[in-house]
>>> print(open('model_29.cif').read())   # mmCIF, C-alpha atoms
data_coords
loop_
_atom_site.label_atom_id
_atom_site.label_comp_id
_atom_site.auth_asym_id
_atom_site.auth_seq_id
_atom_site.Cartn_x
_atom_site.Cartn_y
_atom_site.Cartn_z
CA MET A 1 174.89 53.95 -65.20
CA SER A 2 172.40 55.28 -62.68
CA VAL A 3 169.57 53.38 -64.37
CA VAL A 4 171.50 50.10 -64.25
CA TRP A 5 172.41 50.69 -60.61
CA THR A 6 168.78 51.43 -59.77
CA VAL A 7 167.61 48.23 -61.47
CA LYS A 8 170.16 46.20 -59.51
CA VAL A 9 169.10 47.77 -56.20
CA VAL A 10 165.43 47.18 -56.93
CA GLY A 11 166.13 43.61 -57.97
CA ARG A 12 168.08 42.89 -54.81
CA ALA A 13 165.36 44.46 -52.66
CA ALA A 14 162.71 42.33 -54.36
CA ALA A 15 164.80 39.20 -53.88
CA LEU A 16 165.34 40.06 -50.21
CA SER A 17 161.60 40.65 -49.75
CA LEU A 18 160.78 37.30 -51.32
CA SER A 19 163.40 35.58 -49.13
CA VAL A 20 161.90 37.09 -45.98
CA GLU A 21 158.40 36.05 -47.04
CA LEU A 22 159.67 32.53 -47.76
CA LEU A 23 161.32 32.31 -44.33
CA VAL A 24 158.13 33.51 -42.63
CA TRP A 25 156.11 30.92 -44.55
CA LEU A 26 158.53 28.15 -43.62
CA PHE A 27 158.51 29.23 -39.96
CA ARG A 28 154.72 29.12 -39.87
CA ARG A 29 154.68 25.71 -41.51
CA LEU A 30 157.18 24.33 -39.02
CA ARG A 31 155.33 25.91 -36.10
CA ARG A 32 152.06 24.46 -37.30
CA LYS A 33 153.56 20.98 -37.47
CA LYS A 34 154.83 21.20 -33.91
CA THR A 35 151.50 22.36 -32.44
CA LEU A 36 149.73 19.52 -30.66
CA GLN A 37 146.41 18.56 -32.24
CA GLU A 38 144.66 15.30 -31.30
CA VAL A 39 141.07 14.08 -31.50
CA LEU A 40 139.79 11.23 -29.32
CA PHE A 41 136.51 9.39 -29.75
CA PHE A 42 134.48 7.42 -27.24
CA PRO A 43 133.20 4.95 -26.09
CA THR A 44 136.59 3.44 -25.46
CA GLU A 45 137.69 -0.14 -25.12
CA VAL A 46 137.84 -1.18 -21.47
CA ALA A 47 141.47 -1.87 -20.60
CA CYS A 48 143.81 -1.64 -17.61
CA VAL A 49 145.33 1.80 -17.03
CA GLU A 50 147.37 0.99 -13.95
CA HIS A 51 150.64 1.23 -15.92
CA ILE A 52 149.85 4.90 -16.62
CA PHE A 53 149.74 5.72 -12.91
CA THR A 54 152.65 3.46 -11.88
CA PRO A 55 154.96 3.30 -14.92
CA THR A 56 158.02 2.33 -12.86
CA SER A 57 156.36 -0.48 -10.90
CA MET A 58 158.26 -3.77 -10.96
CA TYR A 59 155.10 -5.78 -10.39
CA PRO A 60 152.51 -6.41 -13.13
CA CYS A 61 148.91 -5.50 -12.43
CA PRO A 62 146.98 -8.66 -11.46
CA CYS A 63 143.61 -7.44 -12.81
CA LEU A 64 141.86 -9.42 -15.58
CA LEU A 65 141.45 -6.46 -17.97
CA PRO A 66 143.53 -6.31 -21.18
CA HIS A 67 146.99 -4.85 -20.57
CA GLY A 68 149.22 -2.75 -22.79
CA VAL A 69 146.30 -1.48 -24.88
CA GLU A 70 146.36 2.17 -25.96
CA THR A 71 142.83 3.59 -25.97
CA SER A 72 141.19 7.00 -26.16
CA PHE A 73 140.81 6.90 -22.40
CA SER A 74 144.46 6.04 -21.79
CA ARG A 75 145.45 8.89 -24.12
CA LEU A 76 143.22 11.26 -22.14
CA LEU A 77 144.81 10.17 -18.88
CA ARG A 78 148.30 10.66 -20.31
CA HIS A 79 147.44 14.19 -21.39
CA ILE A 80 146.08 15.07 -17.94
CA LEU A 81 149.08 13.59 -16.14
CA SER A 82 151.46 15.47 -18.45
CA ALA A 83 150.65 18.75 -16.66
CA SER A 84 153.67 20.23 -14.92
CA SER A 85 152.39 23.36 -13.15
CA SER A 86 148.60 23.71 -13.14
CA LEU A 87 145.23 22.22 -14.02
CA ASP A 88 142.08 24.29 -14.42
CA LEU A 89 139.11 21.95 -14.77
CA CYS A 90 135.61 23.07 -15.69
CA VAL A 91 133.27 20.07 -15.84
CA PHE A 92 129.54 19.46 -15.53
CA ALA A 93 129.56 15.95 -14.03
CA PHE A 94 132.57 14.24 -12.46
CA SER A 95 132.21 10.68 -11.20
CA ASN A 96 134.92 8.73 -13.03
CA MET A 97 137.31 7.35 -10.41
CA GLU A 98 140.32 7.02 -12.73
CA LEU A 99 140.02 10.64 -13.86
CA SER A 100 139.66 11.63 -10.21
CA ARG A 101 142.80 9.64 -9.45
CA ALA A 102 144.66 11.57 -12.15
CA VAL A 103 143.56 14.93 -10.74
CA LEU A 104 144.50 13.84 -7.21
CA ALA A 105 147.91 12.71 -8.49
CA LEU A 106 148.57 16.18 -9.91
CA HIS A 107 147.57 17.75 -6.60
CA ALA A 108 149.87 15.35 -4.73
CA ARG A 109 152.75 16.43 -7.00
CA GLY A 110 152.24 20.02 -5.87
CA LEU A 111 150.50 21.39 -8.96
CA THR A 112 147.92 24.16 -8.66
CA VAL A 113 144.55 22.47 -9.25
CA ARG A 114 141.28 24.38 -9.51
CA VAL A 115 137.94 22.74 -10.23
CA LEU A 116 134.71 24.42 -11.24
CA THR A 117 131.53 22.34 -11.45
CA ASP A 118 127.74 22.54 -11.55
CA LYS A 119 126.07 23.09 -8.18
CA ASP A 120 123.31 20.53 -8.80
CA TYR A 121 125.56 17.72 -10.03
CA ILE A 122 128.04 17.61 -7.16
CA VAL A 123 125.63 15.26 -5.38
CA ILE A 124 125.12 12.75 -8.21
CA THR A 125 125.81 9.13 -7.35
CA GLY A 126 129.54 8.53 -7.24
CA SER A 127 130.50 12.19 -7.53
CA GLN A 128 134.23 12.67 -6.98
CA ILE A 129 133.95 16.31 -5.92
CA GLY A 130 133.90 15.37 -2.24
CA ALA A 131 137.10 13.36 -2.62
CA LEU A 132 138.81 16.30 -4.33
CA ARG A 133 137.76 18.70 -1.59
CA LYS A 134 138.83 16.27 1.11
CA ALA A 135 142.29 16.15 -0.47
CA GLY A 136 142.51 19.95 -0.25
CA ILE A 137 141.75 20.82 -3.86
CA CYS A 138 139.92 24.11 -4.31
CA VAL A 139 136.48 23.46 -5.83
CA ARG A 140 133.91 26.10 -6.71
CA CYS A 141 130.32 25.50 -7.77
CA ASP A 142 128.64 27.61 -10.41
CA SER A 143 125.76 29.41 -8.73
CA ASP A 144 123.90 30.50 -11.86
CA ALA A 145 120.26 29.53 -12.38
CA VAL A 146 121.21 27.58 -15.53
CA HIS A 147 123.54 24.59 -15.66
CA MET A 148 127.29 25.01 -15.95
CA HIS A 149 127.53 22.54 -18.83
CA HIS A 150 131.16 23.06 -19.86
CA LYS A 151 133.54 20.11 -20.16
CA PHE A 152 137.06 21.44 -20.58
CA ALA A 153 140.44 21.47 -18.89
CA VAL A 154 143.44 23.75 -19.37
CA LEU A 155 146.84 22.31 -18.50
CA ASP A 156 149.73 24.66 -17.68
CA GLY A 157 147.79 27.48 -19.32
CA ARG A 158 148.72 26.20 -22.79
CA ARG A 159 147.09 22.80 -23.47
CA LEU A 160 143.33 22.51 -23.93
CA ILE A 161 141.20 19.39 -23.47
CA THR A 162 137.60 19.97 -24.52
CA GLY A 163 134.65 18.20 -26.10
CA SER A 164 131.34 16.54 -25.32
CA LEU A 165 132.74 14.08 -22.76
CA ASN A 166 131.49 14.36 -19.20
CA TRP A 167 133.99 12.93 -16.74
CA THR A 168 131.81 9.93 -15.88
CA LEU A 169 132.17 6.18 -16.35
CA THR A 170 129.04 6.08 -18.51
CA ALA A 171 130.39 8.75 -20.87
CA VAL A 172 133.76 7.01 -21.21
CA GLN A 173 132.51 3.45 -21.71
CA ASN A 174 129.02 3.78 -23.20
CA ASN A 175 128.36 7.11 -24.89
CA LYS A 176 129.40 8.38 -28.31
CA GLU A 177 131.59 11.30 -27.27
CA ASN A 178 134.55 13.31 -28.51
CA ILE A 179 137.59 15.09 -27.10
CA LEU A 180 139.87 17.62 -28.76
CA VAL A 181 143.37 18.14 -27.36
CA THR A 182 145.24 21.15 -28.69
CA GLU A 183 147.97 23.65 -27.91
CA GLU A 184 146.88 26.10 -30.61
CA PRO A 185 147.11 29.48 -28.80
CA ASP A 186 144.12 30.99 -30.60
CA LEU A 187 141.95 28.13 -29.33
CA VAL A 188 143.43 27.82 -25.83
CA ARG A 189 143.28 31.54 -24.99
CA PRO A 190 139.45 31.92 -24.95
CA PHE A 191 139.10 28.93 -22.62
CA VAL A 192 141.71 30.37 -20.25
CA GLN A 193 139.71 33.60 -20.20
CA GLU A 194 136.39 31.81 -19.70
CA PHE A 195 137.72 29.79 -16.79
CA ARG A 196 139.14 32.92 -15.18
CA ARG A 197 135.82 34.72 -15.58
CA LEU A 198 133.76 31.87 -14.11
CA TRP A 199 136.26 31.34 -11.29
CA GLU A 200 136.03 34.99 -10.25
CA VAL A 201 132.24 35.17 -10.61
CA ASN A 202 131.83 32.12 -8.38
CA ASP A 203 134.19 33.27 -5.65
CA PRO A 204 132.29 32.54 -2.38
CA ALA A 205 133.69 35.75 -0.91
CA ARG A 206 131.86 37.73 -3.58
CA ARG A 207 128.57 35.92 -3.06
CA HIS A 208 128.73 36.07 0.72
CA PRO A 209 130.63 39.21 1.78
CA PRO A 210 131.53 39.52 5.48
CA ALA A 211 128.74 40.98 7.58
CA ARG A 212 129.32 44.52 8.74
CA VAL A 213 129.77 45.02 12.45
CA GLN A 214 127.30 47.67 13.58
CA LYS A 215 128.87 50.18 15.94
CA PRO A 216 127.05 51.32 19.06
CA ALA A 217 125.13 54.53 18.69
CA GLY A 218 127.20 57.63 19.37
CA GLU A 219 130.56 55.90 18.83
CA THR A 220 132.97 57.85 16.65
CA VAL A 221 136.07 56.82 14.82
#
>>> encode(input="model_29.cif", output="structure tokens")
Amino acid sequence: MSVVWTVKVVGRAAALSLSVELLVWLFRRLRRKKTLQEVLFFPTEVACVEHIFTPTSMYPCPCLLPHGVETSFSRLLRHILSASSSLDLCVFAFSNMELSRAVLALHARGLTVRVLTDKDYIVITGSQIGALRKAGICVRCDSDAVHMHHKFAVLDGRRLITGSLNWTLTAVQNNKENILVTEEPDLVRPFVQEFRRLWEVNDPARRHPPARVQKPAGETV
């Protein structure tokens, strides 16, 4: 009797173990399907994007560009504007006015926006960095001797936009470029850490500490 009972217990334990493993596998499969993964390629077709910024407008855009066309650029804008709490942007060159408009729109909605860029490229023709600063967005310039050549953005600390694309009109409309959009935690986490590291390293207060006030000779505390 004891042998039969033991066999039954072992069999049930094995079945339970297999059931748990099956549930874990199914959970991972379902989780993987829900994780955002999208690849965008450029150059993109030139089309009107006004409807992305003013989706509730009652008046059609009067411009002569194609309307209602979904492009890689319109997808990129939608991802940026989907942010609900924060945007951390680390970009080498930033002169595209529509991307600047998207960043300014997030700032106007009250989101925390931080921008890190290359010190030499803030003065390129058409740079939007001045417009961001004028609007009150905190911008820091990488002070390293080598270029800060990153092109990535982290939205709400959980969605990553990265790739070869500089945020310029030339890159969007003329160059062969790529963008990866993902919410895979193992990919997002290192970029969150890298942005935090660069943001702290390029804190102006660290580079230019307050000058010490020299006390008159003989003065004691």
>>> resolve_selection(input="model_29.cif", expression="the PyMOL selection byres ((chain A and resi 158) around 9)", output="list in words")
Val154, Leu155, Asp156, Gly157, Arg159, Leu160, Thr182, Glu183, Glu184, Pro185, Val188, Arg189 and Val192 of chain A
>>> resolve_selection(input="model_29.cif", expression="the PyMOL selection byres ((chain A and resi 48-50) around 10)", output="number ranges by chain")
A: 45-47, 51-55, 57, 60-71, 73-74, 77-78, 98
>>> axis_aligned_box(input="model_29.cif", around="segment 55-71 of chain A", padding_each_side="8 Å", output="AutoDock Vina command-line options")
--center_x 149.9 --center_y -2.9 --center_z -18.2 --size_x 32.8 --size_y 29.0 --size_z 31.6
>>> resolve_selection(input="model_29.cif", expression="the PyMOL selection byres ((chain A and resi 128) around 10)", output="list in words")
Ala93, Phe94, Ser95, Asn96, Met97, Leu99, Ser100, Arg101, Ile122, Val123, Ile124, Thr125, Gly126, Ser127, Ile129, Gly130, Ala131, Leu132, Arg133, Lys134, Trp167 and Thr168 of chain A
>>> atom_distance(input="model_29.cif", atom1="atom CA of Pro43 of chain A", atom2="atom CA of Ser164 of chain A")
11.8 Å
>>> decode(input="model_29.cif", residues="segment 47-69 of chain A", atoms="N, CA, C and O atoms", output="PDB file, in the first residue's frame")
ATOM      1  N   ALA A  47       4.958  63.997 -45.977  1.00  0.00           N
ATOM      2  CA  ALA A  47       3.498  64.092 -45.858  1.00  0.00           C
ATOM      3  C   ALA A  47       3.154  65.038 -44.719  1.00  0.00           C
ATOM      4  O   ALA A  47       3.975  65.312 -43.837  1.00  0.00           O
ATOM      5  N   CYS A  48       1.931  65.532 -44.720  1.00  0.00           N
ATOM      6  CA  CYS A  48       1.465  66.435 -43.667  1.00  0.00           C
ATOM      7  C   CYS A  48       1.326  65.677 -42.347  1.00  0.00           C
ATOM      8  O   CYS A  48       0.808  64.557 -42.310  1.00  0.00           O
ATOM      9  N   VAL A  49       1.785  66.317 -41.268  1.00  0.00           N
ATOM     10  CA  VAL A  49       1.667  65.707 -39.935  1.00  0.00           C
ATOM     11  C   VAL A  49       0.850  66.580 -38.987  1.00  0.00           C
ATOM     12  O   VAL A  49       0.813  66.324 -37.782  1.00  0.00           O
ATOM     13  N   GLU A  50       0.181  67.574 -39.542  1.00  0.00           N
ATOM     14  CA  GLU A  50      -0.579  68.495 -38.705  1.00  0.00           C
ATOM     15  C   GLU A  50      -1.659  67.778 -37.903  1.00  0.00           C
ATOM     16  O   GLU A  50      -1.937  68.140 -36.754  1.00  0.00           O
ATOM     17  N   HIS A  51      -2.258  66.741 -38.478  1.00  0.00           N
ATOM     18  CA  HIS A  51      -3.334  66.014 -37.786  1.00  0.00           C
ATOM     19  C   HIS A  51      -2.831  65.301 -36.533  1.00  0.00           C
ATOM     20  O   HIS A  51      -3.613  65.014 -35.627  1.00  0.00           O
ATOM     21  N   ILE A  52      -1.519  65.058 -36.462  1.00  0.00           N
ATOM     22  CA  ILE A  52      -0.955  64.409 -35.276  1.00  0.00           C
ATOM     23  C   ILE A  52      -0.908  65.392 -34.109  1.00  0.00           C
ATOM     24  O   ILE A  52      -1.134  65.023 -32.955  1.00  0.00           O
ATOM     25  N   PHE A  53      -0.635  66.648 -34.429  1.00  0.00           N
ATOM     26  CA  PHE A  53      -0.554  67.671 -33.377  1.00  0.00           C
ATOM     27  C   PHE A  53      -1.928  68.224 -33.013  1.00  0.00           C
ATOM     28  O   PHE A  53      -2.143  68.648 -31.868  1.00  0.00           O
ATOM     29  N   THR A  54      -2.852  68.249 -33.955  1.00  0.00           N
ATOM     30  CA  THR A  54      -4.191  68.808 -33.694  1.00  0.00           C
ATOM     31  C   THR A  54      -5.256  67.806 -34.135  1.00  0.00           C
ATOM     32  O   THR A  54      -6.003  68.051 -35.094  1.00  0.00           O
ATOM     33  N   PRO A  55      -5.340  66.661 -33.448  1.00  0.00           N
ATOM     34  CA  PRO A  55      -6.263  65.606 -33.887  1.00  0.00           C
ATOM     35  C   PRO A  55      -7.740  65.978 -33.766  1.00  0.00           C
ATOM     36  O   PRO A  55      -8.581  65.375 -34.426  1.00  0.00           O
ATOM     37  N   THR A  56      -8.056  66.953 -32.908  1.00  0.00           N
ATOM     38  CA  THR A  56      -9.459  67.311 -32.703  1.00  0.00           C
ATOM     39  C   THR A  56      -9.875  68.552 -33.493  1.00  0.00           C
ATOM     40  O   THR A  56     -10.999  69.028 -33.333  1.00  0.00           O
ATOM     41  N   SER A  57      -8.983  69.055 -34.333  1.00  0.00           N
ATOM     42  CA  SER A  57      -9.302  70.259 -35.095  1.00  0.00           C
ATOM     43  C   SER A  57     -10.443  70.003 -36.072  1.00  0.00           C
ATOM     44  O   SER A  57     -10.506  68.958 -36.729  1.00  0.00           O
ATOM     45  N   MET A  58     -11.349  70.966 -36.172  1.00  0.00           N
ATOM     46  CA  MET A  58     -12.489  70.852 -37.081  1.00  0.00           C
ATOM     47  C   MET A  58     -12.146  71.318 -38.486  1.00  0.00           C
ATOM     48  O   MET A  58     -12.934  71.132 -39.416  1.00  0.00           O
ATOM     49  N   TYR A  59     -10.971  71.931 -38.623  1.00  0.00           N
ATOM     50  CA  TYR A  59     -10.605  72.518 -39.906  1.00  0.00           C
ATOM     51  C   TYR A  59      -9.467  71.726 -40.544  1.00  0.00           C
ATOM     52  O   TYR A  59      -8.452  71.465 -39.900  1.00  0.00           O
ATOM     53  N   PRO A  60      -9.606  71.321 -41.794  1.00  0.00           N
ATOM     54  CA  PRO A  60      -8.538  70.573 -42.464  1.00  0.00           C
ATOM     55  C   PRO A  60      -7.322  71.450 -42.721  1.00  0.00           C
ATOM     56  O   PRO A  60      -7.438  72.659 -42.912  1.00  0.00           O
ATOM     57  N   CYS A  61      -6.165  70.821 -42.712  1.00  0.00           N
ATOM     58  CA  CYS A  61      -4.932  71.567 -42.983  1.00  0.00           C
ATOM     59  C   CYS A  61      -4.928  71.984 -44.454  1.00  0.00           C
ATOM     60  O   CYS A  61      -5.168  71.157 -45.345  1.00  0.00           O
ATOM     61  N   PRO A  62      -4.629  73.262 -44.740  1.00  0.00           N
ATOM     62  CA  PRO A  62      -4.673  73.746 -46.128  1.00  0.00           C
ATOM     63  C   PRO A  62      -3.379  73.506 -46.918  1.00  0.00           C
ATOM     64  O   PRO A  62      -3.308  73.872 -48.089  1.00  0.00           O
ATOM     65  N   CYS A  63      -2.362  72.865 -46.291  1.00  0.00           N
ATOM     66  CA  CYS A  63      -1.090  72.689 -46.992  1.00  0.00           C
ATOM     67  C   CYS A  63      -1.264  71.722 -48.177  1.00  0.00           C
ATOM     68  O   CYS A  63      -2.222  70.959 -48.256  1.00  0.00           O
ATOM     69  N   LEU A  64      -0.295  71.756 -49.098  1.00  0.00           N
ATOM     70  CA  LEU A  64      -0.379  70.968 -50.330  1.00  0.00           C
ATOM     71  C   LEU A  64       0.248  69.584 -50.211  1.00  0.00           C
ATOM     72  O   LEU A  64       0.256  68.823 -51.181  1.00  0.00           O
ATOM     73  N   LEU A  65       0.772  69.237 -49.025  1.00  0.00           N
ATOM     74  CA  LEU A  65       1.376  67.922 -48.834  1.00  0.00           C
ATOM     75  C   LEU A  65       0.292  66.843 -48.752  1.00  0.00           C
ATOM     76  O   LEU A  65      -0.862  67.145 -48.411  1.00  0.00           O
ATOM     77  N   PRO A  66       0.636  65.596 -49.043  1.00  0.00           N
ATOM     78  CA  PRO A  66      -0.343  64.500 -48.916  1.00  0.00           C
ATOM     79  C   PRO A  66      -0.867  64.410 -47.483  1.00  0.00           C
ATOM     80  O   PRO A  66      -0.105  64.565 -46.524  1.00  0.00           O
ATOM     81  N   HIS A  67      -2.148  64.153 -47.332  1.00  0.00           N
ATOM     82  CA  HIS A  67      -2.774  64.053 -46.021  1.00  0.00           C
ATOM     83  C   HIS A  67      -3.230  62.620 -45.745  1.00  0.00           C
ATOM     84  O   HIS A  67      -3.521  61.856 -46.670  1.00  0.00           O
ATOM     85  N   GLY A  68      -3.275  62.278 -44.455  1.00  0.00           N
ATOM     86  CA  GLY A  68      -3.761  60.967 -44.069  1.00  0.00           C
ATOM     87  C   GLY A  68      -2.816  59.832 -44.406  1.00  0.00           C
ATOM     88  O   GLY A  68      -3.238  58.671 -44.466  1.00  0.00           O
ATOM     89  N   VAL A  69      -1.536  60.146 -44.608  1.00  0.00           N
ATOM     90  CA  VAL A  69      -0.545  59.126 -44.949  1.00  0.00           C
ATOM     91  C   VAL A  69       0.254  58.766 -43.700  1.00  0.00           C
ATOM     92  O   VAL A  69       0.824  59.643 -43.040  1.00  0.00           O
TER      93      VAL A  69
END
